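Here's the structure we're looking at; comments come further down.
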Amino acid sequence: MAALLRGSRCLVGKCHNHVSAVQVSIRSMASKTQVGFIGLGNMGNPMAKNLIKHGYPVIASDVFPESCKELQELGAQILDNPADVADNADRIITMLPSSPNVVDVYTGANGILKKVKKGSLLIDSSTIDPAVSKEMAVAAEKVGAVFMDAPVSGGVGAANSGNLTFMVGGPEEEFNAAKELLTCMGANVVYCGQVGTGQAAKICNNMLLAIGMIGTAETMNLGIRLGLDPKLLAKILNMSSGRCWSSDTYNPVPGVMEGVPSANNYQGGFGTTLMAKDLGLAQNTATNTKTPVPLGSLAHQIYRMMCARGYASKDFSSVFQFLREEEGQ
């Protein structure tokens, strides 16, 4: 159906009203057709579940078969590789750890682009280098498909509740088609511009998130050493000008909040390795654009040190624990 719509759009050219009418009618007919989903990790799994909850038949694949079991029990069809998914669905969402994973899933021997149908809509929600998103868009265009980058913010909690924020880059005329699916998984779906701009927005957000988390951890640690009760300090911060997401929603100090990684020995959530990766992307883009990011650079170094000192698999809020251990040395 998606392919038919894109074909119709090409035929009618500049007759925008007719295009809109065709788009509405065909998208409504296609709305509950199969959706491919590749990458069923901490984020991809709950995202795919929310598609199923909204009535979409899901065809999924993951490099780790055990990651597929839960989704299969909910009725998803599991296939061996991305190419097979592309052979069976013309709308595909990918959620992968890094740029090399995305390149392999799209252009590898068993990649999406090996069997993709013309007119297919490919939405990548991974956080990767904007330049790689642009490369994938060019490769997809060569085989008649449309690629959009749509990285997310909100973490595992928002993925489970369907309250993610999607930052979308790609052809504006395809945004509504992407939004139809993304609103099943997110509360906010924002069009940022051409391919790569979604990644740019995500990288900027995560650089600020890291800086804010380190600042919150330092502040809480200092207050505790000065004799303040951590819950009281957090309460004061959250009614004062120092308030931020890391202090009021994702506090890094154990015992201050329930339902966050700091309350569970920093398990789950957004891993330190992934934060270090995203900060590396920010550093690369800052270098390429000659943009000074001194605090971003320091945050990158801190999270890289944490990865080398046993925090790699812990949530990025474990920077509080890292600072406490540093002061004890």
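Just remember, in the structure tokens the first chain shown is A, the second B, etc., residues are 1-based per chain, and ligands are 1-based in the order shown.
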
Checklist entry - Within 10 Å of range 194-205 of chain A, counting only C-alpha atoms, which residues qualify if same-chain residues fewer than 2 places away don't, as a count of residues only? => result 45

Next on the checklist: Let's see if you can do this: from backbone DSSP, list all strand (DSSP E) residues in range 110-260 of chain A, as number ranges by chain.
Outcome noted: A: 121-124, 146-149, 152-153, 164-169, 186-193

Next on the checklist: Which residues are close to Ala187 in chain A, i.e. within 10 Å by only C-alpha atoms, leaving aside same-chain residues fewer than 5 positions away? Reply as number ranges by chain.
Outcome noted: A: 158, 161-166, 182

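Those residues that approach Gly155 in chain A to within 12 Å, counting only C-alpha atoms, are Asn42, Met43, Gly44, Pro46, Met47, Pro151, Ala159, Asn160, Ser161, Gly162, Asn163, Leu164, Thr165, Phe166, Gly186, Asn206, Leu209, Thr249, Tyr250, Val260, Pro261, Gly268, Gly269, Phe270, Gly271, Leu274, Met275, Asp315 and Phe316 of chain A; same-chain residues fewer than 4 positions away are not listed.
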
Write out, as an mmCIF file, in the first residue's frame, the residues just selected, with C-alpha atoms.
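Contents of out-v9.cif, as written:
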```
data_model
loop_
_atom_site.group_PDB
_atom_site.id
_atom_site.type_symbol
_atom_site.label_atom_id
_atom_site.label_comp_id
_atom_site.auth_asym_id
_atom_site.auth_seq_id
_atom_site.Cartn_x
_atom_site.Cartn_y
_atom_site.Cartn_z
ATOM 1 C CA ASN A 42 15.913 -2.629 25.767
ATOM 2 C CA MET A 43 14.268 0.036 23.608
ATOM 3 C CA GLY A 44 13.153 -1.897 20.523
ATOM 4 C CA PRO A 46 8.772 -2.260 24.196
ATOM 5 C CA MET A 47 8.457 -0.115 21.063
ATOM 6 C CA PRO A 151 15.959 8.828 17.011
ATOM 7 C CA ALA A 159 9.461 3.249 25.585
ATOM 8 C CA ASN A 160 7.342 1.008 27.835
ATOM 9 C CA SER A 161 4.624 3.617 28.394
ATOM 10 C CA GLY A 162 4.569 4.801 24.772
ATOM 11 C CA ASN A 163 5.673 8.318 25.720
ATOM 12 C CA LEU A 164 8.885 8.644 23.711
ATOM 13 C CA THR A 165 9.857 11.791 21.838
ATOM 14 C CA PHE A 166 10.790 11.181 18.195
ATOM 15 C CA GLY A 186 5.609 8.209 21.398
ATOM 16 C CA ASN A 206 22.154 13.764 24.902
ATOM 17 C CA LEU A 209 21.663 15.246 29.334
ATOM 18 C CA THR A 249 12.790 12.648 37.169
ATOM 19 C CA TYR A 250 15.934 10.487 37.144
ATOM 20 C CA VAL A 260 14.697 4.696 38.548
ATOM 21 C CA PRO A 261 18.001 2.849 37.967
ATOM 22 C CA GLY A 268 18.435 -1.096 33.277
ATOM 23 C CA GLY A 269 17.894 2.379 31.869
ATOM 24 C CA PHE A 270 20.376 3.993 29.494
ATOM 25 C CA GLY A 271 23.784 2.338 29.633
ATOM 26 C CA LEU A 274 25.687 4.122 25.007
ATOM 27 C CA MET A 275 26.074 7.540 26.610
ATOM 28 C CA ASP A 315 22.936 3.149 33.788
ATOM 29 C CA PHE A 316 24.584 6.477 33.014
#
```

Checklist entry - If you run DSSP on this backbone, which residues of range 50-153 of chain A come out as helix (DSSP H, G or I), and could you give them as a ChimeraX atom specification? => result /A:50-53,65-73,82-88,99-107,112-115,130-142

Item to check | Residue contacts of Thr272 in chain A (8 Å, only C-alpha atoms) excluding same-chain residues fewer than 3 positions away, as a PyMOL selection string | outcome: chain A and resi 275-276+303+306-307+311-316+318

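Reported to one decimal place, the separation of CA of Gly212 in chain A from CA of Thr287 in chain A is 21.6 Å.
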
Checklist entry - What does the distance from CA of Val35 in chain A to CA of Asp84 in chain A come to in Å, to one decimal? => result 12.6 Å

Using only C-alpha atoms, determine which residues lie at most 9 Å from range 234-248 of chain A, disregarding the query and same-chain residues fewer than 2 positions distant; provide the list as a short mmCIF file (atom, residue, chain, number, x, y, z; two decimals) with C-alpha atoms, in the first residue's frame.
```
data_model
loop_
_atom_site.label_atom_id
_atom_site.label_comp_id
_atom_site.auth_asym_id
_atom_site.auth_seq_id
_atom_site.Cartn_x
_atom_site.Cartn_y
_atom_site.Cartn_z
CA LEU A 209 21.66 15.25 29.33
CA GLY A 212 23.21 17.78 33.46
CA MET A 213 23.54 14.33 35.01
CA ILE A 214 27.17 14.91 35.97
CA GLY A 215 26.24 18.30 37.44
CA THR A 216 23.37 16.76 39.41
CA ALA A 217 25.61 13.96 40.71
CA MET A 220 24.08 15.86 45.35
CA ASP A 229 19.74 14.76 53.67
CA PRO A 230 19.69 13.71 49.98
CA LYS A 231 15.87 13.64 49.74
CA LEU A 232 15.66 17.10 51.28
CA TYR A 250 15.93 10.49 37.14
CA ASN A 251 17.81 11.32 40.34
CA PRO A 252 21.18 9.51 40.49
CA VAL A 256 15.88 9.49 46.64
CA MET A 257 13.40 8.17 44.07
CA SER A 317 23.29 7.92 36.32
#
```

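For the pair CA of Glu174 in chain A and CA of Leu51 in chain A, the interatomic distance is 19.1 Å.
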
Checklist entry - Counting only C-alpha atoms, what is within 12 Å of Arg324 in chain A, bar same-chain residues fewer than 2 positions away, as an MDAnalysis selection string? => result chainID A and resid 217:222 224:225 252:253 318:322 326:329
